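What's in final_30.txt: compact mmCIF, C-alpha atoms and all ligand atoms
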# COMPACT_ATOMS: atom_id res chain seq x y z
CA MET Y 252 4.44 29.85 -1.86
CA LEU Y 253 1.21 27.93 -1.63
CA ILE Y 254 2.40 25.05 -3.77
CA ASP Y 255 5.38 24.57 -1.45
CA GLN Y 256 3.02 24.09 1.47
CA TYR Y 257 1.12 21.52 -0.56
CA LEU Y 258 4.32 19.73 -1.57
CA ASN Y 259 5.38 19.66 2.04
CA VAL Y 260 2.16 17.89 2.98
CA LYS Y 261 2.73 15.52 0.08
CA LYS Y 262 6.19 14.71 1.35
CA ASN Y 263 4.85 14.03 4.84
CA VAL Y 264 2.25 11.69 3.36
CA GLU Y 265 4.99 9.89 1.43
CA ASN Y 266 7.07 9.50 4.57
CA ALA Y 267 4.12 8.16 6.53
CA CYS Y 268 3.49 5.66 3.72
CA LYS Y 269 7.12 4.59 3.70
CA LYS Y 270 7.02 3.99 7.43
CA VAL Y 271 4.29 1.37 7.06
CA GLY Y 272 5.09 0.03 3.59
CA ARG Y 273 2.23 1.67 1.70
CA ASP Y 274 2.29 3.02 -1.84
CA PRO Y 275 1.86 6.82 -1.65
CA ARG Y 276 -0.23 6.69 -4.83
CA GLU Y 277 -2.99 5.14 -2.71
CA VAL Y 278 -3.43 8.43 -0.85
CA THR Y 279 -5.23 11.46 -2.26
CA ILE Y 280 -4.63 14.80 -0.59
CA ILE Y 281 -7.75 16.94 -0.58
CA ALA Y 282 -6.89 20.61 -0.28
CA VAL Y 283 -9.60 22.00 2.02
CA SER Y 284 -10.19 25.46 0.60
CA LYS Y 285 -13.13 26.61 2.76
CA THR Y 286 -13.06 30.36 3.50
CA LYS Y 287 -10.13 30.76 1.07
CA PRO Y 288 -10.35 32.82 -2.14
CA LEU Y 289 -10.65 31.35 -5.60
CA GLU Y 290 -7.25 32.74 -6.55
CA MET Y 291 -5.57 30.38 -4.11
CA ILE Y 292 -7.44 27.40 -5.54
CA GLU Y 293 -6.49 28.42 -9.06
CA GLU Y 294 -2.87 28.81 -8.08
CA LEU Y 295 -2.77 25.22 -6.82
CA ARG Y 296 -4.74 24.02 -9.82
CA LYS Y 297 -2.17 25.50 -12.16
CA ASN Y 298 0.30 23.26 -10.38
CA LYS Y 299 -1.91 20.25 -11.13
CA VAL Y 300 -3.63 19.95 -7.75
CA MET Y 301 -7.05 18.54 -8.65
CA ASP Y 302 -8.92 17.74 -5.43
CA PHE Y 303 -10.52 20.46 -3.30
CA GLY Y 304 -12.79 20.18 -0.30
CA GLU Y 305 -15.52 22.55 0.85
CA ASN Y 306 -17.79 22.16 3.86
CA LYS Y 307 -20.59 24.50 2.82
CA VAL Y 308 -22.96 23.97 -0.09
CA GLN Y 309 -23.23 27.65 -0.99
CA GLU Y 310 -19.48 28.20 -1.01
CA LEU Y 311 -18.85 25.10 -3.11
CA LYS Y 312 -21.51 26.19 -5.60
CA ASP Y 313 -20.11 29.73 -5.85
CA LYS Y 314 -16.58 28.51 -6.41
CA TYR Y 315 -17.75 25.87 -8.87
CA GLU Y 316 -19.44 28.53 -10.94
CA ARG Y 317 -16.55 30.98 -10.86
CA ILE Y 318 -13.49 28.79 -11.32
CA SER Y 319 -12.00 28.74 -14.79
CA TRP Y 320 -10.38 25.31 -14.51
CA PRO Y 321 -12.10 21.99 -13.92
CA VAL Y 322 -11.31 20.48 -10.52
CA ARG Y 323 -12.73 17.66 -8.43
CA TRP Y 324 -14.92 19.09 -5.70
CA HIS Y 325 -15.44 17.18 -2.46
CA LEU Y 326 -18.27 18.07 -0.14
CA ILE Y 327 -16.89 17.33 3.32
CA GLY Y 328 -19.32 19.19 5.59
CA HIS Y 329 -22.80 18.43 6.83
CA LEU Y 330 -25.36 18.30 4.03
CA GLN Y 331 -29.00 19.20 4.57
CA THR Y 332 -31.49 17.33 2.40
CA ASN Y 333 -32.98 20.56 1.03
CA LYS Y 334 -29.56 21.57 -0.36
CA VAL Y 335 -28.73 18.35 -2.19
CA LYS Y 336 -30.17 19.75 -5.40
CA TYR Y 337 -27.57 22.53 -5.55
CA ILE Y 338 -24.52 20.30 -5.56
CA VAL Y 339 -25.46 16.81 -6.70
CA ASP Y 340 -24.26 17.56 -10.24
CA LYS Y 341 -21.12 19.41 -9.11
CA VAL Y 342 -19.31 17.09 -6.73
CA ALA Y 343 -16.88 14.25 -7.33
CA LEU Y 344 -17.62 12.77 -3.91
CA ILE Y 345 -19.91 13.50 -0.98
CA HIS Y 346 -18.03 12.54 2.20
CA SER Y 347 -20.67 13.33 4.76
CA VAL Y 348 -23.67 11.06 4.31
CA ASP Y 349 -24.96 9.94 7.69
CA SER Y 350 -28.60 9.02 7.21
CA VAL Y 351 -30.73 6.90 4.90
CA HIS Y 352 -32.99 9.91 4.49
CA LEU Y 353 -30.14 11.98 3.03
CA ALA Y 354 -28.97 9.13 0.77
CA LYS Y 355 -32.50 8.80 -0.60
CA GLN Y 356 -32.63 12.49 -1.36
CA ILE Y 357 -29.32 12.27 -3.24
CA ASP Y 358 -30.71 9.33 -5.21
CA LYS Y 359 -33.86 11.25 -6.06
CA GLU Y 360 -32.07 14.39 -7.22
CA ALA Y 361 -29.56 12.34 -9.25
CA ALA Y 362 -32.39 10.51 -11.01
CA LYS Y 363 -34.06 13.81 -11.82
CA ARG Y 364 -30.88 15.10 -13.45
CA ASN Y 365 -29.97 11.87 -15.23
CA ILE Y 366 -26.84 11.43 -13.14
CA ARG Y 367 -26.10 7.74 -13.29
CA GLU Y 368 -24.21 7.50 -10.05
CA VAL Y 369 -23.23 9.79 -7.18
CA PRO Y 370 -20.28 8.44 -5.17
CA ILE Y 371 -20.69 8.87 -1.42
CA LEU Y 372 -18.95 8.02 1.83
CA LEU Y 373 -20.70 7.14 5.06
CA GLN Y 374 -19.67 9.44 7.88
CA VAL Y 375 -19.07 7.58 11.12
CA ASN Y 376 -18.51 9.06 14.54
CA PHE Y 377 -16.05 6.72 16.26
CA ALA Y 378 -15.37 8.93 19.24
CA HIS Y 379 -19.09 9.37 19.98
CA GLU Y 380 -18.70 13.12 20.21
CA ASP Y 381 -22.09 14.79 20.53
CA SER Y 382 -20.88 17.87 18.71
CA LYS Y 383 -20.14 15.94 15.54
CA PHE Y 384 -22.31 14.55 12.81
CA GLY Y 385 -21.90 10.99 11.67
CA MET Y 386 -23.53 7.74 12.64
CA ASP Y 387 -22.74 5.29 15.36
CA PRO Y 388 -20.41 2.52 14.08
CA LYS Y 389 -22.94 -0.10 15.15
CA ASP Y 390 -25.56 1.37 12.81
CA VAL Y 391 -23.40 1.33 9.69
CA GLU Y 392 -24.32 -2.13 8.41
CA GLU Y 393 -28.00 -1.48 8.70
CA MET Y 394 -27.55 1.74 6.79
CA ILE Y 395 -25.57 -0.04 4.09
CA LEU Y 396 -28.39 -2.53 3.58
CA GLU Y 397 -30.78 0.35 2.89
CA VAL Y 398 -28.50 2.62 0.89
CA SER Y 399 -27.10 -0.13 -1.34
CA LYS Y 400 -30.59 -0.59 -2.79
CA LEU Y 401 -30.54 2.93 -4.25
CA GLU Y 402 -29.86 3.02 -7.95
CA HIS Y 403 -28.05 6.34 -8.26
CA VAL Y 404 -25.99 6.35 -5.09
CA LYS Y 405 -22.80 4.34 -4.74
CA ILE Y 406 -21.10 3.79 -1.39
CA LYS Y 407 -17.35 4.08 -1.88
CA GLY Y 408 -16.12 3.95 1.69
CA LEU Y 409 -16.13 5.66 5.07
CA MET Y 410 -15.28 9.07 6.46
CA GLN Y 411 -14.65 10.39 9.94
CA ILE Y 412 -13.84 13.67 11.60
CA ALA Y 413 -11.69 12.69 14.54
CA PRO Y 414 -11.64 14.74 17.76
CA PHE Y 415 -9.47 17.82 17.97
CA VAL Y 416 -6.53 16.70 20.11
CA ASP Y 417 -3.13 18.09 21.04
CA ASN Y 418 -1.41 14.79 20.46
CA PRO Y 419 -2.35 13.13 17.15
CA GLU Y 420 -1.49 9.75 18.65
CA ASP Y 421 -4.68 10.06 20.68
CA ASN Y 422 -6.67 9.61 17.45
CA ARG Y 423 -4.83 6.51 16.27
CA LYS Y 424 -7.39 4.22 17.89
CA TYR Y 425 -10.23 5.88 15.97
CA PHE Y 426 -8.37 5.55 12.67
CA LYS Y 427 -7.68 1.89 13.41
CA ALA Y 428 -11.35 1.37 14.24
CA MET Y 429 -12.43 2.83 10.89
CA LYS Y 430 -9.98 0.66 8.95
CA GLN Y 431 -11.23 -2.40 10.83
CA LEU Y 432 -14.86 -1.54 10.14
CA SER Y 433 -14.11 -1.21 6.43
CA VAL Y 434 -12.43 -4.64 6.43
CA ASP Y 435 -15.40 -6.20 8.25
CA ILE Y 436 -17.83 -4.67 5.76
CA ASN Y 437 -15.73 -5.79 2.80
CA ASN Y 438 -15.73 -9.34 4.12
CA LYS Y 439 -19.49 -9.37 3.99
CA ASN Y 440 -19.58 -8.67 0.24
CA PHE Y 441 -22.60 -6.41 0.15
CA ASP Y 442 -23.88 -5.77 -3.36
CA ASN Y 443 -23.23 -2.29 -4.77
CA VAL Y 444 -20.86 -1.35 -1.92
CA ASP Y 445 -17.17 -0.74 -2.17
CA MET Y 446 -14.90 0.16 0.75
CA SER Y 447 -11.92 1.44 -1.18
CA ILE Y 448 -11.98 4.98 0.24
CA LEU Y 449 -11.14 5.86 3.83
CA SER Y 450 -11.35 9.63 4.31
CA MET Y 451 -9.65 10.45 7.59
CA GLY Y 452 -6.94 12.76 8.88
CA MET Y 453 -6.72 16.56 8.92
CA THR Y 454 -3.83 18.99 9.36
CA ASN Y 455 -3.24 17.95 12.92
CA ASP Y 456 -3.24 14.19 12.47
CA TYR Y 457 -3.07 13.16 8.80
CA GLU Y 458 0.25 11.36 9.12
CA VAL Y 459 -1.15 9.04 11.80
CA ALA Y 460 -4.25 8.54 9.65
CA VAL Y 461 -2.10 7.55 6.67
CA GLU Y 462 -0.19 5.08 8.81
CA GLU Y 463 -3.53 3.52 9.72
CA GLY Y 464 -4.81 3.24 6.17
CA ALA Y 465 -6.34 6.57 5.09
CA THR Y 466 -6.76 6.82 1.31
CA MET Y 467 -7.94 10.43 1.48
CA VAL Y 468 -6.66 13.08 3.86
CA ARG Y 469 -8.41 16.44 4.14
CA VAL Y 470 -5.87 19.18 4.79
CA GLY Y 471 -6.82 22.84 5.10
CA THR Y 472 -4.64 24.82 7.48
CA GLY Y 473 -1.54 22.80 6.58
CA ILE Y 474 -1.81 23.99 2.98
CA PHE Y 475 -3.63 27.34 3.06
CA GLY Y 476 -2.67 28.62 6.51
CA GLU Y 477 -5.00 29.61 9.32
CA ARG Y 478 -8.60 30.46 8.46
CA ASN Y 479 -10.06 33.81 9.37
CA TYR Y 480 -13.79 33.50 10.04
CA SER Y 481 -14.26 37.13 10.99
CA ILE Y 482 -14.06 38.56 7.48
C1 LIG Y 501 -12.11 22.22 7.81
C2 LIG Y 501 -12.14 20.75 7.61
C3 LIG Y 501 -10.97 20.01 7.38
C4 LIG Y 501 -9.58 20.63 7.34
O1 LIG Y 501 -9.20 21.06 8.60
P1 LIG Y 501 -7.70 21.53 8.90
O2 LIG Y 501 -7.51 21.24 10.34
O3 LIG Y 501 -7.61 22.97 8.57
O4 LIG Y 501 -6.80 20.69 8.06
C5 LIG Y 501 -11.09 18.65 7.16
N1 LIG Y 501 -12.28 18.03 7.19
C6 LIG Y 501 -13.43 18.70 7.42
C7 LIG Y 501 -14.72 17.95 7.44
C8 LIG Y 501 -13.39 20.08 7.64
O5 LIG Y 501 -14.54 20.74 7.86

Please express what this file holds, its structure, as structure tokens.
Amino acid sequence: MLIDQYLNVKKNVENACKKVGRDPREVTIIAVSKTKPLEMIEELRKNKVMDFGENKVQELKDKYERISWPVRWHLIGHLQTNKVKYIVDKVALIHSVDSVHLAKQIDKEAAKRNIREVPILLQVNFAHEDSKFGMDPKDVEEMILEVSKLEHVKIKGLMQIAPFVDNPEDNRKYFKAMKQLSVDINNKNFDNVDMSILSMGMTNDYEVAVEEGATMVRVGTGIFGERNYSI
């Protein structure tokens, strides 16, 4: 059963927390439901799973409109500025903000719709992979200075998509680097910036990410099974 898969992930998160002396309540598991049918989301929701992640604006919007239970939607994929308007009033958190331009668009659309505050994460590319979105770690502070001026956007932390590796230990250094960056930023006490959320770790490496301080893990395959993109 689907909920058993979820509970298995939860248990692994708890064990990873125990290993390093963290409180498991600090970690939110986001069930990444992209490509999966609404029925699966509703089945988990009936078992009190609240947080779901989608990487495409259209799919998130469709599911938002069709689902019969309220859930917290997380946009975890790349967001184009021209699509902000479709989701700004539907998401609990946007994980994938990687430019001032995009943050300004979110601010503008939020103001238009009287949304007081849209929580966002800054997506950082620690492994410098060309194929991935996200900003260079050295540009993060400059971005924070700009984005923290926006009235309707609130920085809540950082997000990264680590490389796809066979051995999750290979990503530990990137998780450590993100934790360290969040501590450095916190120490600078920027106004209107909070670093409480670290979104890192996927099916392949979430336990290592939790050991290194993740407060949100994004797990798709580990809960829903393999995705089939051909249908
Ligand atoms: C698809 C996706 C995930 C989940 O990937 P799995 O390996 O299936 O757990 C997590 N984060 C992002 C940004 C994704 O697009």

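One finds CA of His329 (chain Y) at 23.1 Å from CA of Val278 (chain Y).
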
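The smallest atom-to-atom distance between His379 (chain Y) and any of Y:Ala413, Y:Val264, Y:Ala343, Y:Ile395, using all atoms listed in the file, is found for Y:Ala413.
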
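CA of Pro321 (chain Y) to CA of Met301 (chain Y) spans 8.1 Å [interatomic distance, one decimal].
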
Practice prompt. Find the spatial neighbours of Ala378 (chain Y), counting all atoms listed in the file, within a cut-off of 10 Å - ignore same-chain residues fewer than 6 positions away - and output them as a list in words.
Written response: Asp387, Pro388, Gln411, Ile412, Ala413, Pro414, Asn422, Lys424, Tyr425 and Ala428 of chain Y

Item to complete: Could you give me, as a ChimeraX atom specification, every polymer residue with an atom at most 9 Å away from an atom of ligand LIG 501 (chain Y), counting only C-alpha atoms and all ligand atoms?
Response: /Y:281-285,304-307,326-329,346-347,410-412,415,450-457,468-478

Can you write just those residues out, C-alpha atoms, as a short mmCIF file (atom, residue, chain, number, x, y, z; two decimals), in the frame of the given file?
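Saved as again-v9.cif:
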data_model
loop_
_atom_site.label_atom_id
_atom_site.label_comp_id
_atom_site.auth_asym_id
_atom_site.auth_seq_id
_atom_site.Cartn_x
_atom_site.Cartn_y
_atom_site.Cartn_z
CA ILE Y 281 -7.75 16.94 -0.58
CA ALA Y 282 -6.89 20.61 -0.28
CA VAL Y 283 -9.60 22.00 2.02
CA SER Y 284 -10.19 25.46 0.60
CA LYS Y 285 -13.13 26.61 2.76
CA GLY Y 304 -12.79 20.18 -0.30
CA GLU Y 305 -15.52 22.55 0.85
CA ASN Y 306 -17.79 22.16 3.86
CA LYS Y 307 -20.59 24.50 2.82
CA LEU Y 326 -18.27 18.07 -0.14
CA ILE Y 327 -16.89 17.33 3.32
CA GLY Y 328 -19.32 19.19 5.59
CA HIS Y 329 -22.80 18.43 6.83
CA HIS Y 346 -18.03 12.54 2.20
CA SER Y 347 -20.67 13.33 4.76
CA MET Y 410 -15.28 9.07 6.46
CA GLN Y 411 -14.65 10.39 9.94
CA ILE Y 412 -13.84 13.67 11.60
CA PHE Y 415 -9.47 17.82 17.97
CA SER Y 450 -11.35 9.63 4.31
CA MET Y 451 -9.65 10.45 7.59
CA GLY Y 452 -6.94 12.76 8.88
CA MET Y 453 -6.72 16.56 8.92
CA THR Y 454 -3.83 18.99 9.36
CA ASN Y 455 -3.24 17.95 12.92
CA ASP Y 456 -3.24 14.19 12.47
CA TYR Y 457 -3.07 13.16 8.80
CA VAL Y 468 -6.66 13.08 3.86
CA ARG Y 469 -8.41 16.44 4.14
CA VAL Y 470 -5.87 19.18 4.79
CA GLY Y 471 -6.82 22.84 5.10
CA THR Y 472 -4.64 24.82 7.48
CA GLY Y 473 -1.54 22.80 6.58
CA ILE Y 474 -1.81 23.99 2.98
CA PHE Y 475 -3.63 27.34 3.06
CA GLY Y 476 -2.67 28.62 6.51
CA GLU Y 477 -5.00 29.61 9.32
CA ARG Y 478 -8.60 30.46 8.46
#

Discussion item. Can you tell me which residues surround Pro275 (chain Y) at a distance of at most 8 Å, considering all atoms listed in the file, apart from same-chain residues fewer than 6 positions away, and format the answer as a list in words?
Written reply: Val264, Glu265, Cys268 and Lys269 of chain Y

Practice prompt. May I have the residues within 9 Å of Glu290 (chain Y) as a list in words, using only C-alpha atoms and disregarding those fewer than 4 positions away in the same chain?
Written response: Glu294, Leu295 and Ile318 of chain Y

Worksheet entry | Who sits within 8 Å of Phe384 (chain Y), only C-alpha atoms, same chain under 4 positions skipped, as a list in words |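 With the cut-off at 8 Å, the set is His329, Asp349, Gln374, Val375 and Asn376 of chain Y.
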
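The spacing separating CA of Ile254 (chain Y) from CA of Ile280 (chain Y) amounts to 12.8 Å.
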
Item to complete: Determine, counting all atoms listed in the file, every residue of protein, DNA or RNA that lies within 8 Å of (-33.1, 3.3, 4.3) in the file coordinates, then give the result as a PyMOL selection string.
Response: chain Y and resi 350-352+354-355+394+396-398

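The residue that comes closest to Leu373 (chain Y), out of Y:Lys389, Y:Lys439, Y:Lys261, Y:Lys407 and on the basis of all atoms listed in the file, is Y:Lys407.
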
Could you write out as AutoDock Vina command-line options the box around region 319-336 of chain Y (axis-aligned, all atoms listed in the file, 3 Å on each side), with centre and edge lengths in Å to one decimal?
--center_x -21.7 --center_y 23.0 --center_z -4.0 --size_x 28.6 --size_y 17.6 --size_z 27.6

Discussion item. Taking all atoms listed in the file into account, name the residue in Y:Leu330, Y:Ile371, Y:Val461, Y:Met467 that is nearest to Lys270 (chain Y).
Written reply: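 Looking only at the distances to Lys270 (chain Y), the closest residue turns out to be Y:Val461.
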
Would you mind putting N, CA, C and O atoms back on region 266-281 of chain Y and writing the result as a PDB file, in the coordinates of the input?
ATOM      1  N   ASN Y 266       6.283  10.059   3.467  1.00  0.00           N
ATOM      2  CA  ASN Y 266       7.070   9.500   4.570  1.00  0.00           C
ATOM      3  C   ASN Y 266       6.239   8.589   5.459  1.00  0.00           C
ATOM      4  O   ASN Y 266       6.708   7.530   5.896  1.00  0.00           O
ATOM      5  N   ALA Y 267       5.000   8.998   5.708  1.00  0.00           N
ATOM      6  CA  ALA Y 267       4.120   8.160   6.530  1.00  0.00           C
ATOM      7  C   ALA Y 267       3.851   6.830   5.813  1.00  0.00           C
ATOM      8  O   ALA Y 267       3.821   5.767   6.447  1.00  0.00           O
ATOM      9  N   CYS Y 268       3.697   6.888   4.496  1.00  0.00           N
ATOM     10  CA  CYS Y 268       3.490   5.660   3.720  1.00  0.00           C
ATOM     11  C   CYS Y 268       4.712   4.749   3.818  1.00  0.00           C
ATOM     12  O   CYS Y 268       4.593   3.547   4.032  1.00  0.00           O
ATOM     13  N   LYS Y 269       5.876   5.372   3.661  1.00  0.00           N
ATOM     14  CA  LYS Y 269       7.120   4.590   3.700  1.00  0.00           C
ATOM     15  C   LYS Y 269       7.257   3.856   5.029  1.00  0.00           C
ATOM     16  O   LYS Y 269       7.635   2.692   5.083  1.00  0.00           O
ATOM     17  N   LYS Y 270       6.901   4.547   6.083  1.00  0.00           N
ATOM     18  CA  LYS Y 270       7.020   3.990   7.430  1.00  0.00           C
ATOM     19  C   LYS Y 270       6.258   2.667   7.579  1.00  0.00           C
ATOM     20  O   LYS Y 270       6.673   1.779   8.316  1.00  0.00           O
ATOM     21  N   VAL Y 271       5.122   2.570   6.883  1.00  0.00           N
ATOM     22  CA  VAL Y 271       4.290   1.370   7.060  1.00  0.00           C
ATOM     23  C   VAL Y 271       4.212   0.522   5.782  1.00  0.00           C
ATOM     24  O   VAL Y 271       3.386  -0.380   5.678  1.00  0.00           O
ATOM     25  N   GLY Y 272       5.058   0.846   4.807  1.00  0.00           N
ATOM     26  CA  GLY Y 272       5.090   0.030   3.590  1.00  0.00           C
ATOM     27  C   GLY Y 272       3.901   0.219   2.670  1.00  0.00           C
ATOM     28  O   GLY Y 272       3.500  -0.714   1.976  1.00  0.00           O
ATOM     29  N   ARG Y 273       3.324   1.416   2.639  1.00  0.00           N
ATOM     30  CA  ARG Y 273       2.230   1.670   1.700  1.00  0.00           C
ATOM     31  C   ARG Y 273       2.733   2.403   0.472  1.00  0.00           C
ATOM     32  O   ARG Y 273       3.728   3.117   0.536  1.00  0.00           O
ATOM     33  N   ASP Y 274       1.990   2.281  -0.620  1.00  0.00           N
ATOM     34  CA  ASP Y 274       2.290   3.020  -1.840  1.00  0.00           C
ATOM     35  C   ASP Y 274       1.638   4.398  -1.741  1.00  0.00           C
ATOM     36  O   ASP Y 274       0.419   4.486  -1.608  1.00  0.00           O
ATOM     37  N   PRO Y 275       2.419   5.467  -1.796  1.00  0.00           N
ATOM     38  CA  PRO Y 275       1.860   6.820  -1.650  1.00  0.00           C
ATOM     39  C   PRO Y 275       0.787   7.138  -2.697  1.00  0.00           C
ATOM     40  O   PRO Y 275      -0.046   8.023  -2.486  1.00  0.00           O
ATOM     41  N   ARG Y 276       0.793   6.435  -3.808  1.00  0.00           N
ATOM     42  CA  ARG Y 276      -0.230   6.690  -4.830  1.00  0.00           C
ATOM     43  C   ARG Y 276      -1.626   6.279  -4.370  1.00  0.00           C
ATOM     44  O   ARG Y 276      -2.620   6.619  -4.992  1.00  0.00           O
ATOM     45  N   GLU Y 277      -1.677   5.531  -3.276  1.00  0.00           N
ATOM     46  CA  GLU Y 277      -2.990   5.140  -2.710  1.00  0.00           C
ATOM     47  C   GLU Y 277      -3.654   6.296  -1.965  1.00  0.00           C
ATOM     48  O   GLU Y 277      -4.811   6.197  -1.577  1.00  0.00           O
ATOM     49  N   VAL Y 278      -2.892   7.364  -1.694  1.00  0.00           N
ATOM     50  CA  VAL Y 278      -3.430   8.430  -0.850  1.00  0.00           C
ATOM     51  C   VAL Y 278      -3.664   9.715  -1.648  1.00  0.00           C
ATOM     52  O   VAL Y 278      -2.750  10.230  -2.288  1.00  0.00           O
ATOM     53  N   THR Y 279      -4.890  10.200  -1.608  1.00  0.00           N
ATOM     54  CA  THR Y 279      -5.230  11.460  -2.260  1.00  0.00           C
ATOM     55  C   THR Y 279      -5.271  12.569  -1.208  1.00  0.00           C
ATOM     56  O   THR Y 279      -5.939  12.416  -0.179  1.00  0.00           O
ATOM     57  N   ILE Y 280      -4.579  13.645  -1.490  1.00  0.00           N
ATOM     58  CA  ILE Y 280      -4.630  14.800  -0.590  1.00  0.00           C
ATOM     59  C   ILE Y 280      -5.739  15.730  -1.086  1.00  0.00           C
ATOM     60  O   ILE Y 280      -5.710  16.175  -2.238  1.00  0.00           O
ATOM     61  N   ILE Y 281      -6.704  15.996  -0.225  1.00  0.00           N
ATOM     62  CA  ILE Y 281      -7.750  16.940  -0.580  1.00  0.00           C
ATOM     63  C   ILE Y 281      -7.400  18.283   0.056  1.00  0.00           C
ATOM     64  O   ILE Y 281      -7.260  18.389   1.280  1.00  0.00           O
TER      65      ILE Y 281
END
